[in-house]
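Below: one structure, written as C-alpha cells.
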Amino acid sequence: MNKLCAAVLLALAGPAAWAAPATEAQWIAAATQAVAYGRAQGMPIELEIVDGNGLPGHTPVGLASENGRCTLIVSASNNPTADKLSAMIAPDLLDTFLAGAAMHEVGHCHRRLNGFPHNEKLLPVVAWIGPVRDWFARRIRTEEAYADMTAVAWIARYHPERYTALVNEMLRVRTRFREPKHDTVALLERAIAEGPQDANENLFAQVDERLNRYR
C-alpha cells in the first residue's frame, strides 16, 4: 500500500469530475468481484477492509503479498483519494471502472505468485547509478503494463460493449499523468486499435501473449 498504487489508480481514472464519489460499499463490491475471480483461478487471495485515515495519496484499493498469498486491501472510507478518483468517472462507467481497478491489482498478484519481483523501493546506496535506475524503471513499468493489460483483458471478456470507452479513459489519463515508471501509453493505444479480444476466461494467458507480441 503506497503512493505508487495511488498513481496507478490515477491512471485508470477519467479526466473530468462527472459523478458523485463512489461509496465505500461500491469499492468493496468491486474488490469482492476481483477477489472472486482470482480465487476461481486458484489464486490464494483475500480481501481486507481498512480505514483510509484521511491520508492524501493513500490508494483506495491496493495489494499486499506475503508468504505466497495476496491481500486486496480496500481503504476507501475517509479517503480523499478514493473520492477524487471515483468522482472523475462517468456514472454509467463507475462500477465497471472500480472493478477494473481491482482487477489491475489481481494482475499484480498473479505476477507476484509466479515469482516476479515486486519490491518497489530502490535502495539509496545504488539509486545514484544511472543504469540501475533505468533497470528499476523498466521493471516497474513491466509490472504496470501487466496489471493494465489484465484490466484490459477483463474488460474485453466481460464488458466488450464498454471496452473502447474504458480503455480510452485509461489512455487519456496515462497520457495526462505520464511518468516513466508507469508509462503504458503505447500498450493502451495498441489495445484500443485491436479492439476487444475474448480471453476465453484465461486473462493471464492473453496478457502474456500480448506483452510478448509487443516487445
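By convention in this document, the chains of the C-alpha cells carry letters A, B, ... by their order, each chain's residues are numbered from 1, and ligands are numbered from 1 in the order they are shown.
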Practice problem: Could you give me, as a ChimeraX atom specification, the residues within 12 Å of Glu66 in chain A, counting only C-alpha atoms and dropping anything in the same chain fewer than 5 positions from it? | Solution: /A:44-46,71-72,109,112-113,115,118-119
Output of the above residues as a CSV table (one decimal), in the first residue's frame, restricted to N, CA and C atoms:
```
chain,number,residue,atom,x,y,z
A,44,PRO,N,-4.4,-17.8,-4.2
A,44,PRO,CA,-4.7,-17.6,-2.8
A,44,PRO,C,-4.7,-16.1,-2.5
A,45,ILE,N,-5.9,-15.5,-2.6
A,45,ILE,CA,-6.1,-14.1,-2.5
A,45,ILE,C,-7.3,-13.8,-1.5
A,46,GLU,N,-7.1,-12.8,-0.7
A,46,GLU,CA,-8.1,-12.5,0.3
A,46,GLU,C,-8.4,-11.0,0.2
A,71,THR,N,-3.3,-10.1,-0.6
A,71,THR,CA,-4.4,-9.5,0.1
A,71,THR,C,-4.8,-8.2,-0.7
A,72,LEU,N,-6.0,-8.2,-1.2
A,72,LEU,CA,-6.5,-7.0,-1.8
A,72,LEU,C,-7.1,-6.1,-0.7
A,109,CYS,N,-1.0,-9.4,-8.4
A,109,CYS,CA,-1.0,-10.6,-7.6
A,109,CYS,C,-0.5,-11.8,-8.4
A,112,ARG,N,3.2,-11.7,-8.8
A,112,ARG,CA,3.9,-12.0,-7.6
A,112,ARG,C,3.9,-13.5,-7.3
A,113,LEU,N,2.7,-14.1,-7.5
A,113,LEU,CA,2.6,-15.5,-7.1
A,113,LEU,C,3.4,-16.4,-8.1
A,115,GLY,N,6.5,-15.6,-9.1
A,115,GLY,CA,7.9,-15.4,-8.9
A,115,GLY,C,8.5,-14.1,-9.4
A,118,HIS,N,8.7,-7.7,-6.7
A,118,HIS,CA,7.7,-6.7,-6.5
A,118,HIS,C,8.1,-5.6,-5.5
A,119,ASN,N,9.4,-5.6,-5.1
A,119,ASN,CA,9.9,-4.6,-4.2
A,119,ASN,C,9.9,-3.3,-5.0
```
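CA of Arg39 in chain A is found 17.1 Å from CA of Ala101 in chain A.
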Nearby residues (only C-alpha atoms) at most 6 Å from Val61 in chain A, same-chain spacing under 2 positions excluded, as a PDB file with C-alpha atoms, in the first residue's frame:
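part.pdb, written as the output of this step:
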```
ATOM      1  CA  THR A  59      -4.695   4.271  -2.590  1.00  0.00           C
ATOM      2  CA  ILE A  73      -6.930  -4.039   0.536  1.00  0.00           C
ATOM      3  CA  VAL A  74      -9.781  -1.555   0.257  1.00  0.00           C
TER       4      VAL A  74
END
```
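Among the candidates A:Asn212, A:Pro60, A:Leu203, A:Leu188, the one nearest to Asn168 in chain A when counting only C-alpha atoms is A:Leu188.
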Exercise. Find the residues near Thr32 in chain A: any atom within 9 Å, counting only C-alpha atoms, skip ones fewer than 2 places away on the same chain, and give them as an MDAnalysis selection string.
Key: chainID A and resid 27:30 34:37 47 72 99 102
Exercise. Could you tell me which of A:Tyr158, A:Pro21, A:Val185, A:Ile140 comes closest to Pro91 in chain A if we count only C-alpha atoms?
Key: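 Answer, going by the shortest atom-to-atom distance: A:Pro21.
Comparing the minimum interatomic distances between Arg162 in chain A and each of A:Ile192, A:Ala205, A:Met149, A:Leu211, counting only C-alpha atoms, we find that A:Ile192 sits nearest.
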